[in-house]
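*Asks:* Please read through the structure below; I'll follow up with questions.
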Amino acid sequence: MSWIHPISAEVEETAEALGGKGHGLVILRRLGLPVPPGFVIGTAACRAFLRDGRLPDGLDAELADALSGLEAATGRKLGGTERPLAVAVRSGSSVSMPGMMSTVLNLGLTDAATTALAAETADPRFALDSRLRFLSSYATEVLGLERETLAAIAQRVGTAVVVRNVEDTIRTRTGEPVGEDAARHLERAIAAVFSSWDTPRAITYRALHDIPADLGTAVTVQAMVFGNRDGRSGTGVAFSRDPNTGEPVPFGEVLFGHQGEEVVSGRSLTSPLRELAEREPAVWAGLLDALERIEAHYRDACYVEFTFEAGQLWLLQVRPGRLVGRAAVRVAVDLADAGTIERSEALLRITPQQLRQVRTPRIAPDDAADVLARGLGASPGVAVGRVATSADSAARMAAQGPVVLVRPETSPLDMHGLAAAVGIVTSRGGPTSHAAVVARSLGKPAVVGAAGLTVDAAAGALRVAGRTLPEGTLIALDGTSGEVVVGRPRVVDAGTDPRLHRLLAWADEVAGKGGDFESGEFGRDEFERDEAARLTAAQAVLRRSTPG
């Protein structure tokens, strides 16, 4: 069997074989959209690795062939001393698990290759910055060094000094230098991504989402596109529709002069997606065209991750938007109204949980509320609980009652705390940061980017505007307005949603319980029935009538 598949429009394998990321890249190629060249190591190789504890027989030869093809396609050589090739090594299960597994970027930037990149670009700063990013991701994801150790080193002055210090730390902690064998680095990175399928954070995420443990992850290997190349480079994430409301306008964030991991981590201050239109109009136009074509393909709201280098757009990932609550209902009804999908499909797309989230509670507008901070609402709803300043504290304190996890930003290592908390607050990051994405996937309220809020996990306290709140203080957050308040505020239900009424009218018509299927009008008795039960009854009828 073949372990490796090209990222090509001609590939016919499914997401189960290629992983969701790899399959999405194939779709982008079929749509004629810009995708960095590369290949996919399928999920079957991961399952073999997890079973046998080593990379499967035959993978090394296929990997050498695939790498030679990539070098030929790019005119570069991995670890080369002229025109060096750097690659991104990313995970991708058939079911999305955002941030739960390993990623290694800029692989191939050995010391010699970094010197060559500096000469090629006439930009030593860029080359050293890219080398540092490789060392950091390789050290944490492959060699197992702590992020905190590297973060402390990164505070030192001068990129060249930091690079040397990171190299020295790796040598001291592992007993050997990073080395110059880029092909060996690639093999170890692939093994690390496979191994990350069984990390505690990934296991927790799968348990929360009922994802089977035996799926495994694919690995995508692609030529790097450098968002940190120059002032006309950057990275971002975009939804074709607002994930909070379902409004048909592009929504997301962009970060100029940086690489993609800084957007999703929430460590860096991002700009609204619309700033692309002013600063890089050609990139903006290309992104709008891509979102339109992708949404037409999926017949649903979509999500993309992108990078642009020197004014050229590249797409790195795509998937359906997976909106929640009121946004999901709006998109389903709007698409049915537009004739993009049938009303029956709109009904089948909405889950009872999404229906319950439509009537999202809000903190009542009340001048008496003790507002602690304001940020960006990233996942709707109200959560009330005691402050926990670390994931470990949240997991421990949750046994005694609801907790709100408050962090500078979150990472996959916080998954156990995110699972235990009823709500999430971060002082940094935007609406597509790790905290926001995971909160929406878990259906938990979240506020991100609460500037001015300082989290001191060591002291177990929050500090803002001269106030100090210890762990255990009761707070509440509104994931729509972005308010964080002290105490238990008055909460009100959201107003009625006309699209929800229409969707339920369609459900009643299908289930034979009255109502006007065309107009969306129905009587008082229909309002009084449990909304989830009405939807479930219609879905049962539709599934019985669907062939197969």
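Chain identifiers are assigned as A, B, and so on, following the order in which chains appear in the structure tokens; residues are numbered from 1 within each chain, and ligands are numbered from 1 in order of appearance.
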Which of segment 304-469 of chain A end up as helix (DSSP H, G or I) when DSSP is run on this backbone - answer as a count of residues only?
*Replies:* 55
*Asks:* Among segment 361-464 of chain A, which residues does DSSP mark as strand (DSSP E or B) when it is run on the backbone? Keep the chain and numbering as in the structure and answer as a PyMOL selection string.
*Replies:* chain A and resi 361-363+370-374+376-379+382-388+403-407+423-426+446-448+454-456+461-464
*Asks:* Of the candidates A:Ala154, A:Ala494, A:Ala182, A:Ala310, which one gets nearest to Arg356 of chain A if we count only C-alpha atoms?
*Replies:* A:Ala494
*Asks:* List as a Markdown table every residue of segment 413-464 of chain A that is in contact with segment 237-252 of chain A, defined as an atom at most 12 Å from one of its atoms (using only C-alpha atoms), together with the nearest atom pair and the distance in Å rounded to one decimal, sorted by chain and then rising number.
*Replies:*
| residue | atom | partner | partner_atom | distance |
| --- | --- | --- | --- | --- |
| A:Gly429 | CA | A:Gly252 | CA | 11.9 |
| A:Gly430 | CA | A:Gly252 | CA | 8.7 |
| A:Pro431 | CA | A:Gly252 | CA | 7.2 |
| A:Thr432 | CA | A:Gly252 | CA | 6.6 |
| A:Ser433 | CA | A:Val237 | CA | 9.3 |
| A:His434 | CA | A:Val237 | CA | 11.7 |
| A:Ala436 | CA | A:Pro243 | CA | 10.7 |
| A:Val437 | CA | A:Pro243 | CA | 10.1 |
| A:Arg440 | CA | A:Pro243 | CA | 9.2 |
| A:Ser441 | CA | A:Pro243 | CA | 11.5 |
| A:Gly443 | CA | A:Asn244 | CA | 11.9 |
| A:Pro445 | CA | A:Asn244 | CA | 11.4 |
| A:Ala446 | CA | A:Asn244 | CA | 11.5 |
*Asks:* Go ahead and dump the residues you just picked, C-alpha atoms, as a compact mmCIF listing (two decimals), in the first residue's frame.
*Replies:*
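Okay, result-v7.txt is ready:
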# COMPACT_ATOMS: atom_id res chain seq x y z
CA GLY A 429 -6.01 37.00 21.70
CA GLY A 430 -8.89 37.56 19.35
CA PRO A 431 -12.07 35.82 18.19
CA THR A 432 -10.14 33.14 16.28
CA SER A 433 -7.54 32.44 18.97
CA HIS A 434 -7.14 29.00 20.54
CA ALA A 436 -12.13 31.22 21.25
CA VAL A 437 -12.07 28.26 18.86
CA ARG A 440 -17.07 27.51 20.63
CA SER A 441 -16.40 23.83 19.96
CA GLY A 443 -20.28 25.36 23.62
CA PRO A 445 -19.03 31.19 26.90
CA ALA A 446 -15.75 33.00 26.35
*Asks:* How far is it from atom CA of Val193 of chain A to atom CA of Glu146 of chain A, in Å with one decimal?
*Replies:*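 About the pair atom CA of Val193 of chain A and atom CA of Glu146 of chain A: they are 16.8 Å apart.
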